[in-house]
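Below is work_4.txt, which holds compact mmCIF, C-alpha atoms.
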# COMPACT_ATOMS: atom_id res chain seq x y z
CA MET A 155 -128.39 -25.20 176.39
CA ALA A 156 -129.01 -25.32 180.14
CA ILE A 157 -126.07 -25.40 182.52
CA ALA A 158 -126.35 -28.76 184.28
CA ALA A 159 -125.45 -29.07 187.94
CA ARG A 160 -122.21 -30.98 188.39
CA ARG A 161 -120.97 -32.83 191.44
CA LEU A 162 -117.98 -31.15 193.08
CA PRO A 163 -115.87 -32.14 196.06
CA GLN A 164 -117.42 -31.67 199.45
CA ASP A 165 -115.69 -28.48 200.44
CA GLY A 166 -116.65 -24.82 200.18
CA THR A 167 -116.18 -24.75 196.43
CA ILE A 168 -119.20 -26.91 195.73
CA ASP A 169 -121.53 -24.35 197.24
CA VAL A 170 -120.04 -21.45 195.33
CA VAL A 171 -120.06 -23.16 191.94
CA ASN A 172 -123.55 -24.56 192.41
CA ARG A 173 -124.86 -21.12 193.41
CA LEU A 174 -123.13 -19.62 190.37
CA ARG A 175 -124.65 -22.24 188.10
CA HIS A 176 -128.10 -21.59 189.56
CA VAL A 177 -127.89 -17.83 189.13
CA LEU A 178 -126.39 -18.03 185.67
CA THR A 179 -129.08 -20.40 184.39
CA GLN A 180 -131.61 -17.66 185.19
CA VAL A 181 -129.79 -15.12 183.00
CA ASN A 182 -130.87 -14.89 179.38
CA LEU A 183 -127.54 -15.39 177.64
CA ASP A 184 -127.23 -16.10 173.95
CA CYS A 185 -126.68 -19.78 173.20
CA LYS A 186 -123.00 -19.46 172.29
CA CYS A 187 -122.19 -17.48 175.43
CA GLN A 188 -124.10 -19.89 177.64
CA ASP A 189 -122.27 -22.85 176.07
CA SER A 190 -118.93 -21.14 176.70
CA LEU A 191 -119.90 -20.42 180.27
CA ALA A 192 -121.01 -24.01 180.83
CA GLY A 193 -117.69 -25.24 179.43
CA ALA A 194 -115.73 -22.88 181.68
CA LEU A 195 -117.69 -23.99 184.75
CA ASP A 196 -117.12 -27.64 183.81
CA ARG A 197 -113.36 -27.07 183.46
CA PHE A 198 -113.29 -25.24 186.79
CA ALA A 199 -115.23 -28.08 188.44
CA THR A 200 -112.73 -30.60 187.04
CA LEU A 201 -109.80 -28.61 188.39
CA GLU A 202 -111.46 -28.32 191.79
CA LYS A 203 -112.08 -32.08 191.91
CA ARG A 204 -108.41 -32.68 191.17
CA ARG A 205 -107.35 -30.15 193.82
CA PHE A 206 -109.65 -31.77 196.37
CA SER A 207 -108.41 -35.29 195.50
CA ARG A 208 -104.78 -34.15 195.70
CA ARG A 209 -105.39 -32.68 199.16
CA GLN A 210 -107.16 -35.82 200.39
CA LEU A 211 -104.44 -38.06 198.98
CA ALA A 212 -101.77 -35.97 200.72
CA GLN A 213 -103.70 -36.35 203.96
CA ALA A 214 -103.90 -40.14 203.52
CA ARG A 215 -100.16 -40.28 202.83
CA ASP A 216 -99.49 -38.23 205.94
CA CYS A 217 -101.56 -40.72 207.93
CA ARG A 218 -99.55 -43.59 206.45
CA ASN A 219 -96.28 -41.89 207.42
CA ARG A 220 -97.51 -41.26 210.94
CA ILE A 221 -98.59 -44.89 211.30
CA ALA A 222 -95.15 -46.04 210.10
CA ALA A 223 -93.51 -43.86 212.75
CA PHE A 224 -95.81 -45.25 215.43
CA LEU A 225 -95.04 -48.81 214.35
CA SER A 226 -91.37 -48.22 215.01
CA LEU A 227 -92.29 -47.16 218.53
CA LEU A 228 -94.23 -50.38 218.98
CA SER A 229 -91.09 -52.42 218.37
CA GLU A 230 -90.27 -51.66 222.01
CA LEU A 231 -93.18 -53.91 222.92
CA ASP A 232 -90.96 -56.92 222.20
CA GLU A 233 -88.65 -55.88 225.03
CA LEU A 234 -91.41 -55.77 227.65
CA THR A 235 -92.42 -58.59 229.91
CA GLU A 236 -95.48 -59.07 232.05
CA SER A 237 -93.33 -58.33 235.11
CA GLU A 238 -92.30 -54.87 233.86
CA PRO A 239 -91.88 -52.76 237.02
CA ASP A 240 -92.73 -49.48 235.29
CA ARG A 241 -96.41 -50.01 234.48
CA THR A 242 -96.70 -46.61 232.75
CA VAL A 243 -94.96 -48.11 229.73
CA PHE A 244 -98.11 -50.15 229.07
CA ARG A 245 -100.17 -46.97 229.08
CA GLU A 246 -97.72 -45.42 226.60
CA MET A 247 -98.06 -48.43 224.29
CA GLU A 248 -101.83 -48.20 224.61
CA LEU A 249 -101.65 -44.57 223.48
CA VAL A 250 -99.49 -45.52 220.49
CA PHE A 251 -102.07 -48.10 219.41
CA SER A 252 -104.80 -45.52 219.90
CA GLU A 253 -102.93 -43.02 217.72
CA ILE A 254 -102.58 -45.66 215.01
CA VAL A 255 -106.34 -46.23 215.10
CA ASP A 256 -107.01 -42.49 214.84
CA CYS A 257 -104.56 -42.09 211.95
CA ALA A 258 -105.99 -45.10 210.14
CA PHE A 259 -109.51 -43.74 210.51
CA ALA A 260 -108.44 -40.32 209.19
CA GLY A 261 -106.81 -42.05 206.22
CA VAL A 262 -109.97 -44.04 205.56
CA LEU A 263 -112.07 -40.87 205.57
CA ALA A 264 -109.68 -39.06 203.23
CA LEU A 265 -109.65 -41.91 200.72
CA ARG A 266 -113.40 -42.46 201.01
CA GLN A 267 -113.98 -38.83 200.05
CA ILE A 268 -111.91 -39.32 196.92
CA ALA A 269 -113.67 -42.57 196.04
CA THR A 270 -117.15 -41.09 196.42
CA GLU A 271 -116.62 -37.87 194.49
As structure tokens, what does this structure read like?
Amino acid sequence: MAIAARRLPQDGTIDVVNRLRHVLTQVNLDCKCQDSLAGALDRFATLEKRRFSRRQLAQARDCRNRIAAFLSLLSELDELTESEPDRTVFREMELVFSEIVDCAFAGVLALRQIATE
């Protein structure tokens, strides 16, 4: 039975396991040994997918928490008027919005990697 290539998360592990699979398919192993090896590689690939998904999900949750913190800072926007004498406060609010965008984009990328694995 040939060891089929499996799709792994897009991190360094995919390269290692795929190279291992490639090399090991070239070795003349008895059928039982090759089946056991294929099963072990499949189990390892499954564990790596879970590890990768867990890491990406933790990153998305971190982004959510950061966005929540930034939203509390934006509540100060209600206290500002167009005649605010300290114009730097508008720049600070702009930066908070920009940070929210960056965090949201990072969260999107993390979740997209899970969804496409």
Check your understanding: Contacts of Leu231 of chain A at 12 Å or less, counting only C-alpha atoms, minus same-chain residues fewer than 2 places along, as a PyMOL selection string?
Key -> chain A and resi 224-229+233-236+238+243-248+250-251
Check your understanding: In Å, with one decimal, what is the gap from atom CA of Gln188 of chain A to atom CA of Lys203 of chain A?
Key ->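 It comes out at 22.3 Å.
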Study note, to complete from the structure: Between A:Ala192, A:Ser207, A:Arg197, A:Ile221, smallest distance to Val255 of chain A by all atoms listed in the file belongs to A:Ile221
Exercise for review: Write out as a ChimeraX atom specification each polymer residue whose atoms come within 7 Å of segment 258-264 of chain A, counting all atoms listed in the file; drop sequence neighbours fewer than 3 positions from it.
Suggested key: /A:210-211,213-214,217,254-255,267-268
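Put simply, atom CA of Thr179 of chain A is 23.7 Å away from atom CA of Glu271 of chain A.
Note that atom CA of Ser252 of chain A and atom CA of Asp216 of chain A are 16.6 Å apart.
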Review point. Which is closer to Val170 of chain A than all the others in A:Ala269, A:Arg218, A:Phe198, A:Ala223, using only C-alpha atoms?
Key: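 For Val170 of chain A, the nearest of the given residues is A:Phe198.
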Please export chain A as a CSV table (one decimal), in the first residue's frame, restricted to C-alpha atoms.
chain,number,residue,atom,x,y,z
A,155,MET,CA,0.0,0.0,0.0
A,156,ALA,CA,1.5,3.4,-1.0
A,157,ILE,CA,1.7,6.1,1.6
A,158,ALA,CA,-0.6,8.9,0.2
A,159,ALA,CA,0.4,12.5,0.6
A,160,ARG,CA,-1.8,14.2,3.2
A,161,ARG,CA,-2.5,17.9,3.6
A,162,LEU,CA,-1.0,19.4,6.7
A,163,PRO,CA,-1.2,22.9,8.2
A,164,GLN,CA,0.9,25.5,6.5
A,165,ASP,CA,3.8,25.6,8.9
A,166,GLY,CA,7.1,23.9,8.9
A,167,THR,CA,5.6,20.6,9.8
A,168,ILE,CA,4.1,20.1,6.4
A,169,ASP,CA,7.4,20.1,4.7
A,170,VAL,CA,9.0,17.6,7.1
A,171,VAL,CA,6.1,15.1,7.0
A,172,ASN,CA,5.8,15.4,3.2
A,173,ARG,CA,9.5,14.8,2.7
A,174,LEU,CA,9.4,11.9,5.1
A,175,ARG,CA,6.4,10.4,3.2
A,176,HIS,CA,8.3,10.8,-0.1
A,177,VAL,CA,11.5,9.2,1.2
A,178,LEU,CA,9.6,6.4,2.9
A,179,THR,CA,7.6,5.5,-0.2
A,180,GLN,CA,10.9,4.8,-2.0
A,181,VAL,CA,11.9,2.2,0.7
A,182,ASN,CA,10.9,-1.4,0.1
A,183,LEU,CA,9.1,-2.1,3.3
A,184,ASP,CA,7.0,-5.2,3.8
A,185,CYS,CA,3.3,-4.5,3.4
A,186,LYS,CA,2.4,-4.7,7.1
A,187,CYS,CA,5.3,-2.4,8.1
A,188,GLN,CA,4.4,0.1,5.4
A,189,ASP,CA,0.7,0.1,6.5
A,190,SER,CA,1.8,0.7,10.1
A,191,LEU,CA,4.0,3.5,9.0
A,192,ALA,CA,1.3,5.1,6.9
A,193,GLY,CA,-1.1,4.9,9.9
A,194,ALA,CA,1.5,6.5,12.2
A,195,LEU,CA,2.1,9.3,9.7
A,196,ASP,CA,-1.6,9.8,9.4
A,197,ARG,CA,-2.1,10.1,13.2
A,198,PHE,CA,0.9,12.5,13.4
A,199,ALA,CA,-0.6,14.6,10.6
A,200,THR,CA,-4.0,14.7,12.5
A,201,LEU,CA,-2.3,15.8,15.7
A,202,GLU,CA,-0.3,18.5,13.8
A,203,LYS,CA,-3.5,19.8,12.2
A,204,ARG,CA,-5.1,20.1,15.7
A,205,ARG,CA,-2.0,21.8,17.1
A,206,PHE,CA,-2.0,24.2,14.2
A,207,SER,CA,-5.8,24.9,14.5
A,208,ARG,CA,-5.4,25.4,18.3
A,209,ARG,CA,-2.6,28.0,17.8
A,210,GLN,CA,-4.6,29.8,15.1
A,211,LEU,CA,-7.7,29.9,17.3
A,212,ALA,CA,-5.7,31.2,20.2
A,213,GLN,CA,-4.4,34.0,17.9
A,214,ALA,CA,-8.0,34.9,16.8
A,215,ARG,CA,-9.1,35.0,20.4
A,216,ASP,CA,-6.2,37.3,21.2
A,217,CYS,CA,-7.3,39.6,18.4
A,218,ARG,CA,-10.8,39.6,19.7
A,219,ASN,CA,-9.6,40.5,23.2
A,220,ARG,CA,-7.4,43.3,21.8
A,221,ILE,CA,-10.3,44.7,19.8
A,222,ALA,CA,-12.5,44.7,22.9
A,223,ALA,CA,-9.9,46.6,24.8
A,224,PHE,CA,-9.6,49.1,21.9
A,225,LEU,CA,-13.4,49.5,21.8
A,226,SER,CA,-13.4,50.7,25.4
A,227,LEU,CA,-10.8,53.3,24.5
A,228,LEU,CA,-13.2,54.5,21.7
A,229,SER,CA,-15.9,55.3,24.3
A,230,GLU,CA,-14.0,58.5,24.9
A,231,LEU,CA,-15.0,59.5,21.4
A,232,ASP,CA,-18.5,60.4,22.8
A,233,GLU,CA,-16.9,63.1,25.0
A,234,LEU,CA,-15.2,64.9,22.1
A,235,THR,CA,-16.7,67.7,20.2
A,236,GLU,CA,-15.6,69.3,16.9
A,237,SER,CA,-14.2,72.2,18.8
A,238,GLU,CA,-11.8,70.1,20.9
A,239,PRO,CA,-8.8,72.3,21.5
A,240,ASP,CA,-6.3,69.4,21.7
A,241,ARG,CA,-6.4,68.1,18.2
A,242,THR,CA,-3.9,65.3,19.0
A,243,VAL,CA,-6.8,63.4,20.5
A,244,PHE,CA,-8.2,62.9,17.0
A,245,ARG,CA,-4.9,61.4,15.9
A,246,GLU,CA,-5.0,59.1,18.9
A,247,MET,CA,-8.5,57.9,18.0
A,248,GLU,CA,-7.4,57.4,14.5
A,249,LEU,CA,-4.7,55.1,15.7
A,250,VAL,CA,-7.1,53.2,17.8
A,251,PHE,CA,-9.3,52.6,14.8
A,252,SER,CA,-6.2,51.6,12.8
A,253,GLU,CA,-5.2,49.1,15.5
A,254,ILE,CA,-8.7,47.6,15.4
A,255,VAL,CA,-8.4,47.1,11.6
A,256,ASP,CA,-5.0,45.5,12.0
A,257,CYS,CA,-6.3,43.1,14.7
A,258,ALA,CA,-9.4,42.3,12.8
A,259,PHE,CA,-7.3,41.4,9.7
A,260,ALA,CA,-5.0,39.2,11.8
A,261,GLY,CA,-8.0,37.4,13.2
A,262,VAL,CA,-9.4,36.9,9.7
A,263,LEU,CA,-6.1,35.4,8.5
A,264,ALA,CA,-5.9,33.1,11.5
A,265,LEU,CA,-9.4,31.8,11.0
A,266,ARG,CA,-9.0,31.5,7.3
A,267,GLN,CA,-6.0,29.3,7.8
A,268,ILE,CA,-8.1,27.0,10.0
A,269,ALA,CA,-11.0,27.0,7.5
A,270,THR,CA,-8.8,26.1,4.5
A,271,GLU,CA,-6.8,23.3,6.1
